[in-house]
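Everything on this sheet refers to the single structure shown next.
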Amino acid sequence: MKFVVTKELGKLAKWLRIFGFDTIYFKEATFSTVLIIAFQEDRIILTRNTKIGVHSGVRIITIKSNNLAEQLNQVFRELKSKPQKEKMFSRCILCNEELSHIAKEKIKKKVPEYVYKTQSSFVACPECKRVYWQGTHWGKVEEALHAIRS
Ligand SMILES: [Zn+2]
């Protein structure tokens, strides 16, 4: 399941990436660009725009709510899917690239000292080189998951 998200749904795009879904997000893209990408890469379009209509060969989900938890709920409900815990935190929230494990000694200078001392497992983005560890967004992810399930 891959997505392309229109510009008004930046927060939703970020969270789909946290949940491990391949999600393209453009801050500035016309709808025709979005449509072409969705078609070429077999992506589902998520949008708040209600005037888009139906386009054959492309699945479009019109997001109804302004509330993030409700938006995520709607996406998973319509796709009859659920976020999977083991997939979470596998993707860079900025670049959408898949993260890979990185040796602890390589990131010593990139993370705060207390993080280095207390965390054992680190992942990094091959594109922007940003380093992630479990504490980075974990609390909020648990919260969001709870909101989706309840
Ligand atoms: Zn990145």
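Identifiers in this document derive from the order of the structure tokens: chains are assigned A, B, ..., residues are numbered from 1 separately in each chain, and ligands are numbered from 1 in order of occurrence.
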How would you report the residues lying within 8 Å of ligand 1, as a PDB file with C-alpha atoms, in the first residue's frame, if you count only C-alpha atoms and all ligand atoms?
ATOM      1  CA  CYS A  92      12.412   8.650   7.379  1.00  0.00           C
ATOM      2  CA  ILE A  93       9.627  11.107   8.179  1.00  0.00           C
ATOM      3  CA  LEU A  94      11.305  13.781   6.068  1.00  0.00           C
ATOM      4  CA  CYS A  95      12.436  11.877   2.972  1.00  0.00           C
ATOM      5  CA  ASN A  96      10.247   8.762   2.950  1.00  0.00           C
ATOM      6  CA  GLU A  97      13.403   6.639   2.539  1.00  0.00           C
ATOM      7  CA  ALA A 124      19.644   6.243   9.909  1.00  0.00           C
ATOM      8  CA  CYS A 125      18.229   7.679   6.711  1.00  0.00           C
ATOM      9  CA  PRO A 126      20.394   6.991   3.635  1.00  0.00           C
ATOM     10  CA  GLU A 127      19.213  10.263   2.083  1.00  0.00           C
ATOM     11  CA  CYS A 128      19.378  12.992   4.745  1.00  0.00           C
ATOM     12  CA  LYS A 129      21.585  11.022   7.205  1.00  0.00           C
ATOM     13  CA  ARG A 130      19.260  11.833  10.066  1.00  0.00           C
TER      14      ARG A 130
END
Report task. As a ChimeraX atom specification, list the residues of range 27-142 of chain A assigned to strand (DSSP E or B) by DSSP on the backbone atoms of this structure. Result -> /A:44-47,60-62,91,98,100-102,122-124,131-133
Put those residues in a file: N, CA and C atoms, as a PDB file, in the first residue's frame.
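As written to disk, part.pdb reads:
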ATOM      1  N   ILE A  44      -2.256   5.327  -3.827  1.00  0.00           N
ATOM      2  CA  ILE A  44      -3.590   5.797  -3.463  1.00  0.00           C
ATOM      3  C   ILE A  44      -3.483   7.287  -3.119  1.00  0.00           C
ATOM      4  N   ILE A  45      -4.382   8.083  -3.686  1.00  0.00           N
ATOM      5  CA  ILE A  45      -4.358   9.520  -3.399  1.00  0.00           C
ATOM      6  C   ILE A  45      -5.179   9.814  -2.152  1.00  0.00           C
ATOM      7  N   LEU A  46      -4.576  10.551  -1.233  1.00  0.00           N
ATOM      8  CA  LEU A  46      -5.304  11.026  -0.056  1.00  0.00           C
ATOM      9  C   LEU A  46      -5.402  12.542  -0.166  1.00  0.00           C
ATOM     10  N   THR A  47      -6.611  13.071  -0.069  1.00  0.00           N
ATOM     11  CA  THR A  47      -6.788  14.509  -0.256  1.00  0.00           C
ATOM     12  C   THR A  47      -7.961  15.033   0.560  1.00  0.00           C
ATOM     13  N   ILE A  60      -8.876   7.213  -5.053  1.00  0.00           N
ATOM     14  CA  ILE A  60      -8.783   8.463  -4.310  1.00  0.00           C
ATOM     15  C   ILE A  60      -9.602   8.346  -3.029  1.00  0.00           C
ATOM     16  N   ILE A  61      -8.989   8.693  -1.931  1.00  0.00           N
ATOM     17  CA  ILE A  61      -9.745   8.746  -0.673  1.00  0.00           C
ATOM     18  C   ILE A  61      -9.849  10.202  -0.257  1.00  0.00           C
ATOM     19  N   THR A  62     -11.076  10.697  -0.148  1.00  0.00           N
ATOM     20  CA  THR A  62     -11.289  12.068   0.302  1.00  0.00           C
ATOM     21  C   THR A  62     -11.384  12.070   1.823  1.00  0.00           C
ATOM     22  N   ARG A  91      10.865   4.208   8.359  1.00  0.00           N
ATOM     23  CA  ARG A  91      10.967   5.138   7.243  1.00  0.00           C
ATOM     24  C   ARG A  91      11.291   6.548   7.752  1.00  0.00           C
ATOM     25  N   GLU A  98      13.610   4.338   3.306  1.00  0.00           N
ATOM     26  CA  GLU A  98      13.639   3.310   4.344  1.00  0.00           C
ATOM     27  C   GLU A  98      14.903   3.465   5.179  1.00  0.00           C
ATOM     28  N   SER A 100      17.914   2.320   7.746  1.00  0.00           N
ATOM     29  CA  SER A 100      18.659   1.082   7.981  1.00  0.00           C
ATOM     30  C   SER A 100      19.477   1.196   9.256  1.00  0.00           C
ATOM     31  N   HIS A 101      19.746   0.035   9.822  1.00  0.00           N
ATOM     32  CA  HIS A 101      20.485   0.032  11.088  1.00  0.00           C
ATOM     33  C   HIS A 101      21.893   0.576  10.892  1.00  0.00           C
ATOM     34  N   ILE A 102      22.346   1.260  11.913  1.00  0.00           N
ATOM     35  CA  ILE A 102      23.679   1.845  11.828  1.00  0.00           C
ATOM     36  C   ILE A 102      24.423   1.524  13.126  1.00  0.00           C
ATOM     37  N   PHE A 122      20.167   2.027  16.792  1.00  0.00           N
ATOM     38  CA  PHE A 122      19.979   3.253  16.018  1.00  0.00           C
ATOM     39  C   PHE A 122      19.737   2.924  14.545  1.00  0.00           C
ATOM     40  N   VAL A 123      18.918   3.755  13.918  1.00  0.00           N
ATOM     41  CA  VAL A 123      18.715   3.623  12.473  1.00  0.00           C
ATOM     42  C   VAL A 123      18.971   4.991  11.843  1.00  0.00           C
ATOM     43  N   ALA A 124      19.343   4.984  10.571  1.00  0.00           N
ATOM     44  CA  ALA A 124      19.644   6.243   9.909  1.00  0.00           C
ATOM     45  C   ALA A 124      19.037   6.281   8.515  1.00  0.00           C
ATOM     46  N   VAL A 131      19.585  10.582  12.112  1.00  0.00           N
ATOM     47  CA  VAL A 131      19.639   9.376  12.941  1.00  0.00           C
ATOM     48  C   VAL A 131      18.391   9.305  13.823  1.00  0.00           C
ATOM     49  N   TYR A 132      17.813   8.132  13.896  1.00  0.00           N
ATOM     50  CA  TYR A 132      16.626   7.917  14.724  1.00  0.00           C
ATOM     51  C   TYR A 132      16.923   6.851  15.765  1.00  0.00           C
ATOM     52  N   TRP A 133      16.265   6.955  16.888  1.00  0.00           N
ATOM     53  CA  TRP A 133      16.334   5.897  17.885  1.00  0.00           C
ATOM     54  C   TRP A 133      14.954   5.781  18.506  1.00  0.00           C
TER      55      TRP A 133
END
Query raised in the report: Using only C-alpha atoms, which residues sit within 12 Å of Lys108 in chain A once same-chain residues fewer than 3 positions away are excluded, as an MDAnalysis selection string?
Result: chainID A and resid 102:105 111:117 119:120 122 131
For the selection just defined, write its residues with C-alpha atoms to a file, as a PDB file, in the first residue's frame.
ATOM      1  CA  ILE A 102      23.679   1.845  11.828  1.00  0.00           C
ATOM      2  CA  ALA A 103      26.504   0.857  14.151  1.00  0.00           C
ATOM      3  CA  LYS A 104      26.392   2.690  17.436  1.00  0.00           C
ATOM      4  CA  GLU A 105      29.993   3.891  17.257  1.00  0.00           C
ATOM      5  CA  VAL A 111      23.197  12.219  18.993  1.00  0.00           C
ATOM      6  CA  PRO A 112      23.039  13.764  22.470  1.00  0.00           C
ATOM      7  CA  GLU A 113      25.296  12.105  25.014  1.00  0.00           C
ATOM      8  CA  TYR A 114      22.479  10.794  27.198  1.00  0.00           C
ATOM      9  CA  VAL A 115      20.866   9.199  24.160  1.00  0.00           C
ATOM     10  CA  TYR A 116      24.128   7.523  23.242  1.00  0.00           C
ATOM     11  CA  LYS A 117      24.452   6.177  26.759  1.00  0.00           C
ATOM     12  CA  GLN A 119      19.969   3.644  23.693  1.00  0.00           C
ATOM     13  CA  SER A 120      21.454   0.594  22.020  1.00  0.00           C
ATOM     14  CA  PHE A 122      19.979   3.253  16.018  1.00  0.00           C
ATOM     15  CA  VAL A 131      19.639   9.376  12.941  1.00  0.00           C
TER      16      VAL A 131
END
Query - Contacts of Arg17 in chain A within 12 Å, only C-alpha atoms, excl. fewer than 6 positions in-chain, as a PyMOL selection string - result: chain A and resi 1-5+10-11+23-25+72+83+87-99+137+141
Quick one: everything within 8 Å of Asp42 in chain A, counting only C-alpha atoms, minus sequence neighbours fewer than 4 positions away in the same chain. Send it as a PDB file with C-alpha atoms, in the first residue's frame.
ATOM      1  CA  LYS A   2       1.568   3.243  -1.183  1.00  0.00           C
ATOM      2  CA  ILE A  37       2.407   9.897  -9.891  1.00  0.00           C
ATOM      3  CA  ALA A  38      -0.519   7.965  -8.441  1.00  0.00           C
ATOM      4  CA  VAL A  58      -6.637   5.692  -9.623  1.00  0.00           C
TER       5      VAL A  58
END
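CA of Gly20 in chain A is positioned 13.1 Å from CA of Ser81 in chain A.
Going from CA of Glu8 in chain A over to CA of Phe76 in chain A, you cover 19.0 Å.
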